[in-house]
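Trainee: A single structure is presented below for examination.
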Amino acid sequence: MANRKAFRHWTFMGSLAFVLSAIYLGTGCSKAFLGKKPDAEKNWICDNEADEAMKRNDYAAGISLHERFLEKEPENALALYHLGYAYGHTGDHPKEVSYCERAIAHGFKNDRIFFNLGMAYADLNDVEKSVGAFRKALEIEPDSADIRFGLAMAYYEMGIADKQAEEEFLNAIKIDPRHVDARLYLSLLYRELGEIQKAAEQLHKVLEIDPTHSGARKFLKKIEQE
């Protein structure tokens with residue numbers, strides 16, 4: 001498995017966190033972004049001006065305003081989560097992890113925060129903690145194809161958990177048969193395991209879903225020539 005990362009980078013999109021960020025991150029601090037609301041979350045109200053900065057993707061302002069708000073309410077778990085989310089968008093993943101973990105410690109626990117934490121740990125190359133975060137997200141939202149895919153990618157990154165990765169890719173596809181990314185990376189895994197026919201089957205499915213997908217078409221051509 002030594003060439004796994006290099007081959008995947010050439011084939012599709014690069015790092016685990018990059019792949020996942022395109023799938024599941026929200027667009028700000030709106031209620032829609034937060035996903036399913038746990039009961040305890042109802043007690044927290046974040047600063048409106050800080051949230052508006054996040055909604056317009058002004059993360060520098062979002063950070064500053066959330067930090068100011070947290071000076072007054074240091075245990076506001078919703079604001080801590082939003083601040084971690086903002087730091088994640090600036091590439092400061094250690095701070096993203098720190099604030100998300102603090103939010104969780106204060107009782108903020110939904111599938112989104114654990115999913116984002118899984119991505120942050122992936123960015124920090126801490127795959128074991130990434131797996132743990134995705135598992136916690138699944139405890140809250142077991143029928144999410146995207147979380148299943150995130151966990152599969154974390155297993156895949158480990159390079160020693162291929163069976164678990166295959167299982168979770170298949171779970172994601174079972175929930176959402178049109179989940180192109182799950183099928184793409186499952187095909188990549190099958191190719192690495194020498195199961196070329198299974199890899200080709202997944203790529204044909206991708207092309208049924210999206211006939212214009214050039215990455216799948218190129219990869220299919222490559223493995224058919226092997």
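Ligands are numbered from 1 in the order shown, residues from 1 within each chain, and chains are lettered A, B, ... in the order they appear in the structure tokens.
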Please report, as a Markdown table, each residue of stretch 92-119 of chain A lying at most 9 Å from stretch 150-165 of chain A, together with the nearest pair of atoms and the separation in Å rounded to one decimal; use only C-alpha atoms, and order rows by chain and ascending residue number.

Mentor:
```
| residue | atom | partner | partner_atom | distance |
| --- | --- | --- | --- | --- |
| A:Phe115 | CA | A:Gly150 | CA | 7.8 |
| A:Gly118 | CA | A:Gly150 | CA | 7.9 |
| A:Met119 | CA | A:Gly150 | CA | 8.1 |
```

Trainee: Filtering to all heavy atoms, could you give me those residues as an mmCIF file, in the first residue's frame?

Mentor:
```cif
data_model
loop_
_atom_site.group_PDB
_atom_site.id
_atom_site.type_symbol
_atom_site.label_atom_id
_atom_site.label_comp_id
_atom_site.auth_asym_id
_atom_site.auth_seq_id
_atom_site.Cartn_x
_atom_site.Cartn_y
_atom_site.Cartn_z
ATOM 1 N N PHE A 115 -18.520 15.374 12.486
ATOM 2 C CA PHE A 115 -18.044 15.233 11.115
ATOM 3 C C PHE A 115 -16.915 16.228 10.838
ATOM 4 O O PHE A 115 -15.862 15.867 10.300
ATOM 5 C CB PHE A 115 -19.190 15.453 10.123
ATOM 6 C CG PHE A 115 -18.822 15.146 8.703
ATOM 7 C CD1 PHE A 115 -19.142 13.920 8.135
ATOM 8 C CD2 PHE A 115 -18.146 16.067 7.922
ATOM 9 C CE1 PHE A 115 -18.786 13.619 6.831
ATOM 10 C CE2 PHE A 115 -17.791 15.782 6.610
ATOM 11 C CZ PHE A 115 -18.112 14.550 6.068
ATOM 12 N N GLY A 118 -13.841 15.190 12.495
ATOM 13 C CA GLY A 118 -13.193 14.110 11.747
ATOM 14 C C GLY A 118 -12.345 14.650 10.606
ATOM 15 O O GLY A 118 -11.226 14.172 10.357
ATOM 16 N N MET A 119 -12.865 15.656 9.907
ATOM 17 C CA MET A 119 -12.095 16.263 8.823
ATOM 18 C C MET A 119 -10.870 17.001 9.344
ATOM 19 O O MET A 119 -9.795 16.954 8.747
ATOM 20 C CB MET A 119 -12.987 17.218 8.031
ATOM 21 C CG MET A 119 -14.040 16.527 7.218
ATOM 22 S SD MET A 119 -14.768 17.613 5.987
ATOM 23 C CE MET A 119 -15.508 18.839 7.039
#
```

Trainee: Just list as an MDAnalysis selection string whatever in stretch 92-193 of chain A DSSP marks as alpha helix (DSSP H).

Mentor: chainID A and resid 93:105 111:123 127:140 145:158 162:175 180:192

Trainee: Could you check how far atom CA of A:Leu138 sits from atom CA of A:Gly88, in Å to one decimal?

Mentor: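 So the answer is 21.3 Å.
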